[in-house]
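What follows is final_9.cif (mmCIF, C-alpha atoms).
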data_query
#
loop_
_atom_site.label_atom_id
_atom_site.label_comp_id
_atom_site.auth_asym_id
_atom_site.auth_seq_id
_atom_site.Cartn_x
_atom_site.Cartn_y
_atom_site.Cartn_z
CA MET J 24 -50.99 117.63 -68.34
CA THR J 25 -51.47 114.92 -70.96
CA LEU J 26 -53.64 111.91 -70.17
CA ILE J 27 -52.01 108.69 -71.40
CA ASP J 28 -54.88 106.83 -73.05
CA GLY J 29 -54.11 103.12 -72.73
CA LYS J 30 -57.49 102.13 -74.10
CA ALA J 31 -57.03 103.97 -77.40
CA THR J 32 -53.40 102.88 -77.72
CA ALA J 33 -54.30 99.24 -77.11
CA ALA J 34 -57.11 99.42 -79.70
CA ALA J 35 -54.69 100.81 -82.29
CA ILE J 36 -52.11 98.07 -81.59
CA LYS J 37 -54.75 95.31 -81.73
CA ALA J 38 -55.85 96.64 -85.13
CA GLU J 39 -52.21 96.48 -86.30
CA ILE J 40 -51.93 92.89 -85.01
CA ALA J 41 -55.19 91.94 -86.77
CA GLU J 42 -53.81 93.23 -90.08
CA GLU J 43 -50.65 91.18 -89.65
CA VAL J 44 -52.62 88.04 -88.71
CA LYS J 45 -54.85 88.51 -91.76
CA SER J 46 -51.74 88.72 -93.93
CA ILE J 47 -50.24 85.59 -92.30
CA VAL J 48 -53.41 83.53 -92.80
CA GLU J 49 -53.94 84.75 -96.38
CA GLY J 50 -50.37 83.69 -97.10
CA GLY J 51 -51.13 80.15 -95.91
CA GLY J 52 -49.71 80.61 -92.41
CA LYS J 53 -51.17 79.40 -89.13
CA GLN J 54 -53.69 81.43 -87.14
CA PRO J 55 -52.14 82.19 -83.70
CA HIS J 56 -53.83 80.26 -80.89
CA LEU J 57 -53.92 81.41 -77.25
CA ALA J 58 -55.30 79.17 -74.49
CA ALA J 59 -56.23 80.35 -71.01
CA VAL J 60 -56.71 78.20 -67.91
CA LEU J 61 -59.03 79.64 -65.27
CA VAL J 62 -59.35 78.03 -61.85
CA GLY J 63 -62.28 79.00 -59.63
CA HIS J 64 -64.49 82.06 -59.82
CA ASP J 65 -62.40 85.01 -58.64
CA GLY J 66 -64.17 88.16 -59.86
CA GLY J 67 -61.03 89.92 -61.04
CA SER J 68 -59.72 86.83 -62.83
CA GLU J 69 -63.09 86.27 -64.54
CA THR J 70 -62.98 89.83 -65.89
CA TYR J 71 -59.37 89.57 -67.05
CA VAL J 72 -59.94 86.27 -68.86
CA LYS J 73 -63.14 87.56 -70.50
CA ASN J 74 -61.21 90.60 -71.78
CA LYS J 75 -58.42 88.35 -73.06
CA VAL J 76 -60.93 86.29 -75.05
CA LEU J 77 -62.41 89.48 -76.55
CA ALA J 78 -58.91 90.73 -77.39
CA CYS J 79 -58.17 87.45 -79.20
CA GLU J 80 -61.28 88.00 -81.34
CA ALA J 81 -60.18 91.57 -82.14
CA CYS J 82 -56.70 90.34 -83.17
CA GLY J 83 -57.96 87.46 -85.28
CA PHE J 84 -56.54 84.80 -82.96
CA LYS J 85 -58.03 81.46 -82.11
CA SER J 86 -58.70 81.23 -78.36
CA THR J 87 -59.52 78.41 -75.96
CA LEU J 88 -60.75 78.80 -72.39
CA ILE J 89 -60.27 75.86 -70.02
CA ARG J 90 -62.15 76.14 -66.73
CA TYR J 91 -61.74 74.25 -63.47
CA GLU J 92 -63.40 74.52 -60.08
CA ASP J 93 -61.17 75.74 -57.25
CA ASP J 94 -61.00 72.26 -55.71
CA ILE J 95 -58.84 70.98 -58.59
CA THR J 96 -55.69 69.26 -57.33
CA GLU J 97 -52.22 70.48 -58.17
CA GLU J 98 -51.52 67.23 -60.03
CA GLU J 99 -54.63 67.64 -62.21
CA LEU J 100 -53.60 71.20 -63.08
CA LEU J 101 -50.06 70.03 -63.91
CA LYS J 102 -51.57 67.43 -66.27
CA CYS J 103 -53.50 70.20 -68.02
CA VAL J 104 -50.29 72.23 -68.39
CA ASP J 105 -48.51 69.19 -69.84
CA THR J 106 -51.34 68.66 -72.36
CA LEU J 107 -51.08 72.28 -73.53
CA ASN J 108 -47.28 72.07 -73.69
CA ASN J 109 -47.63 69.17 -76.11
CA ASP J 110 -50.49 70.54 -78.21
CA ASP J 111 -48.90 71.77 -81.46
CA ASP J 112 -51.94 73.89 -82.29
CA VAL J 113 -51.57 75.98 -79.11
CA ASP J 114 -48.90 78.66 -79.65
CA GLY J 115 -49.09 80.18 -76.19
CA PHE J 116 -51.09 79.80 -73.01
CA ILE J 117 -51.59 81.33 -69.60
CA VAL J 118 -52.67 79.95 -66.25
CA GLN J 119 -54.58 82.84 -64.70
CA LEU J 120 -53.25 83.92 -61.29
CA PRO J 121 -53.93 83.92 -58.40
CA LEU J 122 -54.50 80.19 -57.89
CA PRO J 123 -56.18 78.59 -54.86
CA LYS J 124 -53.92 78.44 -51.80
CA HIS J 125 -53.48 74.64 -51.94
CA ILE J 126 -51.72 74.95 -55.31
CA ASN J 127 -48.05 75.95 -55.54
CA GLU J 128 -48.11 78.77 -58.13
CA GLN J 129 -44.38 78.65 -58.77
CA ARG J 130 -44.52 74.94 -59.51
CA ILE J 131 -47.25 75.56 -62.10
CA ILE J 132 -45.32 78.46 -63.69
CA GLU J 133 -42.16 76.37 -63.98
CA ALA J 134 -44.11 73.49 -65.57
CA ILE J 135 -45.17 75.71 -68.49
CA ASP J 136 -43.02 75.33 -71.60
CA TYR J 137 -41.07 78.62 -71.68
CA ARG J 138 -41.58 78.74 -75.47
CA LYS J 139 -45.35 79.01 -74.84
CA ASP J 140 -45.11 81.19 -71.71
CA VAL J 141 -46.76 84.31 -73.14
CA ASP J 142 -47.21 85.73 -69.61
CA GLY J 143 -43.41 85.91 -69.37
CA PHE J 144 -43.30 84.43 -65.86
CA HIS J 145 -41.13 81.33 -66.45
CA PRO J 146 -37.62 81.66 -64.93
CA ILE J 147 -36.05 81.21 -68.39
CA ASN J 148 -38.00 84.17 -69.79
CA VAL J 149 -37.35 86.24 -66.65
CA GLY J 150 -33.62 85.47 -66.86
CA ARG J 151 -33.39 86.22 -70.58
CA MET J 152 -35.25 89.49 -70.06
CA ALA J 153 -32.84 90.47 -67.26
CA ILE J 154 -29.80 90.16 -69.55
CA GLY J 155 -31.49 91.62 -72.62
CA LEU J 156 -32.04 88.47 -74.71
CA PRO J 157 -35.14 88.04 -76.93
CA CYS J 158 -37.99 86.53 -74.88
CA PHE J 159 -41.58 86.92 -73.74
CA ILE J 160 -41.65 89.96 -71.46
CA SER J 161 -44.16 90.13 -68.61
CA ALA J 162 -47.26 91.81 -70.05
CA THR J 163 -47.73 94.77 -67.69
CA PRO J 164 -44.12 96.06 -67.87
CA LEU J 165 -44.13 95.54 -71.64
CA GLY J 166 -47.39 97.52 -71.85
CA ILE J 167 -45.88 100.39 -69.86
CA ILE J 168 -42.76 100.51 -72.03
CA THR J 169 -45.01 100.53 -75.13
CA LEU J 170 -47.07 103.45 -73.75
CA LEU J 171 -43.97 105.50 -72.96
CA LYS J 172 -42.66 104.95 -76.49
CA ARG J 173 -46.01 105.63 -78.20
CA TYR J 174 -46.31 108.94 -76.34
CA ASN J 175 -42.67 109.85 -77.17
CA ILE J 176 -41.86 110.26 -73.48
CA GLU J 177 -38.12 110.70 -73.02
CA THR J 178 -36.72 108.09 -70.63
CA SER J 179 -32.99 107.99 -71.47
CA GLY J 180 -30.93 109.38 -68.62
CA LYS J 181 -34.03 110.20 -66.55
CA LYS J 182 -34.46 109.29 -62.90
CA CYS J 183 -37.17 106.65 -62.55
CA VAL J 184 -38.67 105.45 -59.27
CA VAL J 185 -40.51 102.12 -59.31
CA LEU J 186 -42.81 101.68 -56.31
CA GLY J 187 -43.17 97.96 -55.61
CA ARG J 188 -40.94 94.91 -56.04
CA SER J 189 -43.31 92.15 -57.17
CA ASN J 190 -42.14 89.51 -59.62
CA ILE J 191 -44.99 90.42 -61.98
CA VAL J 192 -44.49 94.20 -62.20
CA GLY J 193 -41.92 95.88 -59.94
CA LYS J 194 -38.82 93.78 -60.61
CA PRO J 195 -39.22 93.35 -64.40
CA MET J 196 -40.23 97.02 -64.73
CA ALA J 197 -37.04 98.14 -63.02
CA GLN J 198 -34.97 95.81 -65.22
CA LEU J 199 -36.53 97.16 -68.42
CA MET J 200 -36.27 100.81 -67.40
CA MET J 201 -32.53 100.47 -66.77
CA GLN J 202 -31.81 98.57 -70.00
CA LYS J 203 -30.41 100.59 -72.88
CA GLU J 204 -32.85 99.17 -75.43
CA TYR J 205 -35.96 100.06 -73.41
CA GLY J 206 -35.73 102.75 -70.75
CA ASP J 207 -32.02 103.66 -70.48
CA ALA J 208 -32.93 105.37 -67.19
CA THR J 209 -31.42 105.59 -63.71
CA VAL J 210 -33.71 103.40 -61.63
CA THR J 211 -34.55 103.31 -57.92
CA VAL J 212 -36.87 100.61 -56.55
CA CYS J 213 -38.81 101.58 -53.43
CA HIS J 214 -40.98 99.32 -51.28
CA SER J 215 -42.61 99.01 -47.85
CA ARG J 216 -39.22 99.03 -46.06
CA SER J 217 -37.69 101.93 -47.99
CA LYS J 218 -36.58 104.92 -45.96
CA ASN J 219 -36.95 108.47 -47.34
CA LEU J 220 -39.52 107.16 -49.85
CA LYS J 221 -41.17 110.56 -50.34
CA GLU J 222 -37.81 112.22 -50.96
CA GLU J 223 -36.90 109.56 -53.55
CA CYS J 224 -40.20 110.15 -55.36
CA ARG J 225 -39.81 113.93 -55.28
CA GLU J 226 -36.55 113.62 -57.23
CA ALA J 227 -38.05 111.32 -59.89
CA ASP J 228 -38.72 112.34 -63.48
CA ILE J 229 -40.83 109.18 -63.87
CA ILE J 230 -42.79 107.38 -61.14
CA ILE J 231 -44.19 103.92 -61.83
CA ALA J 232 -46.54 103.03 -58.96
CA ALA J 233 -47.23 99.31 -58.50
CA ILE J 234 -47.58 99.03 -54.75
CA GLY J 235 -51.25 98.00 -54.46
CA ARG J 236 -52.24 100.77 -52.03
CA PRO J 237 -55.04 103.06 -53.21
CA GLY J 238 -54.13 106.75 -53.29
CA PHE J 239 -50.62 106.11 -51.94
CA VAL J 240 -48.88 108.63 -54.21
CA THR J 241 -49.94 112.15 -53.24
CA ALA J 242 -49.11 115.57 -54.70
CA ASP J 243 -46.38 116.26 -52.12
CA MET J 244 -44.46 113.21 -53.44
CA VAL J 245 -44.37 114.45 -57.04
CA LYS J 246 -42.21 117.15 -58.60
CA GLU J 247 -43.59 119.51 -61.23
CA GLY J 248 -43.59 118.00 -64.70
CA ALA J 249 -43.03 114.38 -63.64
CA VAL J 250 -44.44 111.46 -65.64
CA ILE J 251 -46.78 109.24 -63.58
CA VAL J 252 -47.66 105.65 -64.48
CA ASP J 253 -50.30 104.14 -62.18
CA VAL J 254 -50.40 100.33 -62.20
CA GLY J 255 -52.74 100.02 -59.21
CA THR J 256 -56.14 98.38 -59.67
CA THR J 257 -57.55 97.86 -56.19
CA ARG J 258 -61.28 97.26 -55.80
CA VAL J 259 -62.69 99.67 -53.23
CA PRO J 260 -66.32 99.66 -52.03
CA ASP J 261 -68.59 102.17 -53.79
CA ALA J 262 -72.32 102.00 -53.07
CA SER J 263 -73.07 104.32 -56.02
CA ARG J 264 -71.85 101.71 -58.51
CA LYS J 265 -73.98 98.81 -59.72
CA SER J 266 -71.08 96.43 -59.03
CA GLY J 267 -70.72 97.79 -55.49
CA PHE J 268 -67.08 98.75 -56.09
CA ARG J 269 -64.80 100.91 -58.20
CA LEU J 270 -61.21 100.49 -59.29
CA SER J 271 -58.73 102.71 -57.50
CA GLY J 272 -55.17 103.36 -58.57
CA ASP J 273 -52.09 103.81 -56.40
CA VAL J 274 -52.02 107.51 -57.29
CA LEU J 275 -54.35 110.19 -55.91
CA PHE J 276 -55.29 111.30 -59.41
CA GLU J 277 -57.12 114.58 -58.59
CA GLU J 278 -54.12 115.97 -56.69
CA VAL J 279 -51.26 114.56 -58.73
CA SER J 280 -52.65 115.28 -62.20
CA GLU J 281 -52.31 119.03 -61.52
CA LYS J 282 -48.52 118.72 -61.13
CA CYS J 283 -47.43 116.13 -63.68
CA SER J 284 -46.74 116.32 -67.43
CA PHE J 285 -48.19 112.87 -68.28
CA ILE J 286 -50.38 110.51 -66.24
CA THR J 287 -52.23 107.23 -66.79
CA PRO J 288 -55.83 107.02 -65.56
CA VAL J 289 -57.36 104.09 -63.65
CA PRO J 290 -59.17 102.43 -65.33
CA GLY J 291 -58.20 102.96 -68.96
CA GLY J 292 -54.45 103.37 -68.60
CA VAL J 293 -52.12 100.45 -67.96
CA GLY J 294 -54.86 97.77 -67.78
CA PRO J 295 -55.78 97.65 -71.49
CA MET J 296 -52.07 97.65 -72.37
CA THR J 297 -51.45 94.57 -70.26
CA ILE J 298 -53.93 92.56 -72.33
CA CYS J 299 -52.61 94.15 -75.53
CA SER J 300 -49.06 93.03 -74.59
CA LEU J 301 -50.30 89.49 -74.08
CA MET J 302 -51.61 89.65 -77.65
CA LYS J 303 -48.20 90.90 -78.87
CA ASN J 304 -46.53 87.97 -77.09
CA THR J 305 -49.04 85.52 -78.60
CA LEU J 306 -48.34 86.84 -82.10
CA ALA J 307 -44.60 86.44 -81.43
CA ALA J 308 -45.24 82.87 -80.21
CA GLY J 309 -47.22 82.07 -83.34
CA LYS J 310 -44.42 83.42 -85.53
CA LYS J 311 -41.79 81.56 -83.45
CA GLU J 312 -40.09 84.92 -83.12
CA PHE J 313 -38.00 84.16 -80.04
CA TYR J 314 -37.78 80.37 -79.88
CA LYS J 315 -37.66 78.07 -82.90
#

Here is the file; what I need is its structure written in the form of structure tokens.
Amino acid sequence: MTLIDGKATAAAIKAEIAEEVKSIVEGGGKQPHLAAVLVGHDGGSETYVKNKVLACEACGFKSTLIRYEDDITEEELLKCVDTLNNDDDVDGFIVQLPLPKHINEQRIIEAIDYRKDVDGFHPINVGRMAIGLPCFISATPLGIITLLKRYNIETSGKKCVVLGRSNIVGKPMAQLMMQKEYGDATVTVCHSRSKNLKEECREADIIIAAIGRPGFVTADMVKEGAVIVDVGTTRVPDASRKSGFRLSGDVLFEEVSEKCSFITPVPGGVGPMTICSLMKNTLAAGKKEFYK
């Protein structure tokens, strides 16, 4: 069994990005600028945004963090989005999700200029991704594709099961895995209403678990030699930790790791690659790679 080290891979890619940014700036080009909007004080969101700021530093990007309390109105947040859309110095920006319940997330996503949508959530980017046009690809699926390629894991013609159908991971992941340029695999999407879910998983060469249920994938669902990608990051109580919790993946690691050929750990697998992919998208935005 080979452990897929997302942390080390992400560090290597960020170093590559930093070299390219250094070259751009030395040549008189513009330093890429990523802005992040954070609403409220959700613990997970705070951590993600902090890590994004640190990643910007590592890549040589300029970064701006805009904070609001969770009582901000939808109209005020839309004004902020409009300001960032029209700021020529900002190459890309994200509005950290989830947002407070009184704010319509989809309305905010659609208000973002798709040319600055480095999260890859805008319908234009989602649509372009689905038909294989150049665009910003949602960071977690892009990170997973990057890991599979960096570890030379064969995906073409393989049977891939994606557990979960979210707009952020499940759906785009399935799209990418079936596309010739990325996965070139035969893809099955399973979810809470799927029948014969265990049987589907047992036939899979690659399982990508993004269902949000700790320890859901057990050894009896995995065939010998399968590749396992665990996207789950659920906080579960743990009195032995200073924080009072630990991160748990969707895969029962101790059991499953004995049967598979490759597996991502939690933490240290997909998570660092998600932030690394956001950096790749920001560099592409700065270079006007997809949209002039």

With 8 Å added on each side, what axis-aligned box encloses every listed atom of region 208-219 of chain J? Give the centre and edge lengths in Å to one decimal, as AutoDock Vina command-line options.
--center_x -37.0 --center_y 103.7 --center_z -56.6 --size_x 27.2 --size_y 25.5 --size_z 37.2

Would you translate the PyMOL selection byres ((chain J and resi 265-272) around 10) into the concrete set of residues it matches in this file, as a PyMOL selection string? chain J and resi 232-240+252-264+273-276+287-290

In Å to one decimal, how far is CA of Lys182 (chain J) from CA of Glu222 (chain J)?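 Going from CA of Glu222 (chain J) over to CA of Lys182 (chain J), I get 12.7 Å.
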
Do you know which residues lie at most 10 Å from (-46.8, 75.9, -64.8), with coordinates as in the file and all atoms listed in the file counted, and could you write them as a ChimeraX atom specification? /J:100-105,108,117-118,127-137,140,144-145

Keeping C-alpha atoms for every residue in the selection just given, could you write it to a file as a PDB file, in the frame of the given file?
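And here's selection38.pdb as it stands now:
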ATOM      1  CA  LEU J 100     -53.600  71.200 -63.080  1.00  0.00           C
ATOM      2  CA  LEU J 101     -50.060  70.030 -63.910  1.00  0.00           C
ATOM      3  CA  LYS J 102     -51.570  67.430 -66.270  1.00  0.00           C
ATOM      4  CA  CYS J 103     -53.500  70.200 -68.020  1.00  0.00           C
ATOM      5  CA  VAL J 104     -50.290  72.230 -68.390  1.00  0.00           C
ATOM      6  CA  ASP J 105     -48.510  69.190 -69.840  1.00  0.00           C
ATOM      7  CA  ASN J 108     -47.280  72.070 -73.690  1.00  0.00           C
ATOM      8  CA  ILE J 117     -51.590  81.330 -69.600  1.00  0.00           C
ATOM      9  CA  VAL J 118     -52.670  79.950 -66.250  1.00  0.00           C
ATOM     10  CA  ASN J 127     -48.050  75.950 -55.540  1.00  0.00           C
ATOM     11  CA  GLU J 128     -48.110  78.770 -58.130  1.00  0.00           C
ATOM     12  CA  GLN J 129     -44.380  78.650 -58.770  1.00  0.00           C
ATOM     13  CA  ARG J 130     -44.520  74.940 -59.510  1.00  0.00           C
ATOM     14  CA  ILE J 131     -47.250  75.560 -62.100  1.00  0.00           C
ATOM     15  CA  ILE J 132     -45.320  78.460 -63.690  1.00  0.00           C
ATOM     16  CA  GLU J 133     -42.160  76.370 -63.980  1.00  0.00           C
ATOM     17  CA  ALA J 134     -44.110  73.490 -65.570  1.00  0.00           C
ATOM     18  CA  ILE J 135     -45.170  75.710 -68.490  1.00  0.00           C
ATOM     19  CA  ASP J 136     -43.020  75.330 -71.600  1.00  0.00           C
ATOM     20  CA  TYR J 137     -41.070  78.620 -71.680  1.00  0.00           C
ATOM     21  CA  ASP J 140     -45.110  81.190 -71.710  1.00  0.00           C
ATOM     22  CA  PHE J 144     -43.300  84.430 -65.860  1.00  0.00           C
ATOM     23  CA  HIS J 145     -41.130  81.330 -66.450  1.00  0.00           C
TER      24      HIS J 145
END

When distances are computed from only C-alpha atoms, which of J:Val149, J:Ile160, J:Leu171, J:Val210 shows the smallest separation from Leu26 (chain J)?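 Closest residue, counting only C-alpha atoms: J:Leu171.
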
Kindly assemble as a Markdown table a list of the region 205-232 of chain J residues that lie within 10 Å of region 165-168 of chain J, each paired with its nearest atom pair and their distance in Å to one decimal, using only C-alpha atoms, sorted first by chain and then by ascending residue number.
| residue | atom | partner | partner_atom | distance |
| --- | --- | --- | --- | --- |
| J:Tyr205 | CA | J:Ile168 | CA | 7.0 |
| J:Gly206 | CA | J:Ile168 | CA | 7.5 |
| J:Ile231 | CA | J:Ile167 | CA | 8.9 |

What separates CA of Phe84 (chain J) and CA of Pro195 (chain J) is a distance of 26.8 Å

Report as a PyMOL selection string the full result of the PyMOL selection byres ((chain J and resi 248) around 6) when it is applied to this structure. chain J and resi 247+249+283-284

For a test of reading the model, state the distance in Å between CA of Val62 (chain J) and CA of Val113 (chain J), rounded to one decimal. 19.0 Å

Given the PyMOL selection byres ((chain J and resi 158) around 12), the residues it picks as a PyMOL selection string: chain J and resi 137-157+159-162+165+303-305+307-308+311-315

Give me the residues within 12 Å of Cys299 (chain J) as an NGL selection string, counting all atoms listed in the file and dropping any in the same chain fewer than 4 places off. :J and (29-41 or 71 or 74-79 or 81-82 or 141-142 or 161-167 or 169-170 or 292-295 or 303-306)

Which is closer to Asp112 (chain J) than all the others in J:Cys183, J:Ile89, J:Ala58, J:Ile47, using only C-alpha atoms? J:Ala58

Find the spatial neighbours of Asp65 (chain J), counting only C-alpha atoms, within a cut-off of 10 Å - ignore same-chain residues fewer than 6 positions away - and output them as a PyMOL selection string. chain J and resi 93+120-123

For each of J:Gly83, J:Met244, J:Glu277, J:Arg225, take the minimum atom-to-atom distance to Lys53 (chain J), counting only C-alpha atoms, then give the residue where this is smallest. J:Gly83

For Phe116 (chain J), which of J:Met302, J:Glu226, J:Glu92, J:Lys181 is the closest residue, counting all atoms listed in the file? J:Met302

Proximity to Gly180 (chain J) - best of J:Asp111, J:Glu98, J:Asp243, J:Asp228, only C-alpha atoms: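 Among the listed residues, the smallest separation from Gly180 (chain J) belongs to J:Asp228.
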
Repaired coordinates for region 81-100 of chain J (N, CA, C and O atoms) as a compact mmCIF listing (two decimals), in the coordinates of the input:
# COMPACT_ATOMS: atom_id res chain seq x y z
N ALA J 81 -60.55 90.32 -81.46
CA ALA J 81 -60.18 91.57 -82.14
C ALA J 81 -58.90 91.41 -82.96
O ALA J 81 -58.73 92.06 -83.99
N CYS J 82 -57.99 90.54 -82.48
CA CYS J 82 -56.70 90.34 -83.17
C CYS J 82 -56.74 89.25 -84.22
O CYS J 82 -55.75 89.04 -84.93
N GLY J 83 -57.87 88.54 -84.31
CA GLY J 83 -57.96 87.46 -85.28
C GLY J 83 -57.31 86.17 -84.82
O GLY J 83 -56.97 85.30 -85.64
N PHE J 84 -57.12 86.02 -83.51
CA PHE J 84 -56.54 84.80 -82.96
C PHE J 84 -57.62 83.76 -82.69
O PHE J 84 -58.79 84.09 -82.49
N LYS J 85 -57.19 82.52 -82.64
CA LYS J 85 -58.03 81.46 -82.11
C LYS J 85 -57.81 81.46 -80.59
O LYS J 85 -56.69 81.65 -80.13
N SER J 86 -58.88 81.27 -79.81
CA SER J 86 -58.70 81.23 -78.36
C SER J 86 -59.47 80.07 -77.75
O SER J 86 -60.53 79.68 -78.25
N THR J 87 -58.90 79.51 -76.69
CA THR J 87 -59.52 78.41 -75.96
C THR J 87 -59.51 78.75 -74.48
O THR J 87 -58.48 79.17 -73.95
N LEU J 88 -60.66 78.59 -73.84
CA LEU J 88 -60.75 78.80 -72.39
C LEU J 88 -61.01 77.46 -71.71
O LEU J 88 -61.96 76.77 -72.03
N ILE J 89 -60.14 77.11 -70.78
CA ILE J 89 -60.27 75.86 -70.02
C ILE J 89 -60.58 76.23 -68.57
O ILE J 89 -59.79 76.94 -67.93
N ARG J 90 -61.72 75.76 -68.08
CA ARG J 90 -62.15 76.14 -66.73
C ARG J 90 -62.11 74.95 -65.79
O ARG J 90 -62.45 73.83 -66.16
N TYR J 91 -61.71 75.24 -64.55
CA TYR J 91 -61.74 74.25 -63.47
C TYR J 91 -62.32 74.88 -62.22
O TYR J 91 -62.20 76.10 -62.01
N GLU J 92 -62.95 74.05 -61.39
CA GLU J 92 -63.40 74.52 -60.08
C GLU J 92 -62.18 74.69 -59.17
O GLU J 92 -61.11 74.12 -59.43
N ASP J 93 -62.34 75.45 -58.09
CA ASP J 93 -61.17 75.74 -57.25
C ASP J 93 -60.74 74.58 -56.35
O ASP J 93 -59.79 74.71 -55.58
N ASP J 94 -61.45 73.44 -56.47
CA ASP J 94 -61.00 72.26 -55.71
C ASP J 94 -60.12 71.33 -56.56
O ASP J 94 -59.77 70.23 -56.13
N ILE J 95 -59.73 71.78 -57.75
CA ILE J 95 -58.84 70.98 -58.59
C ILE J 95 -57.53 70.73 -57.83
O ILE J 95 -57.05 71.60 -57.10
N THR J 96 -56.96 69.55 -58.00
CA THR J 96 -55.69 69.26 -57.33
C THR J 96 -54.54 69.83 -58.15
O THR J 96 -54.68 70.09 -59.36
N GLU J 97 -53.41 69.99 -57.49
CA GLU J 97 -52.22 70.48 -58.17
C GLU J 97 -51.80 69.52 -59.29
O GLU J 97 -51.42 69.95 -60.37
N GLU J 98 -51.92 68.23 -59.03
CA GLU J 98 -51.52 67.23 -60.03
C GLU J 98 -52.41 67.31 -61.27
O GLU J 98 -51.92 67.19 -62.40
N GLU J 99 -53.71 67.52 -61.07
CA GLU J 99 -54.63 67.64 -62.21
C GLU J 99 -54.27 68.88 -63.05
O GLU J 99 -54.30 68.83 -64.29
N LEU J 100 -53.95 69.97 -62.37
CA LEU J 100 -53.60 71.20 -63.08
C LEU J 100 -52.28 71.02 -63.84
O LEU J 100 -52.14 71.49 -64.98
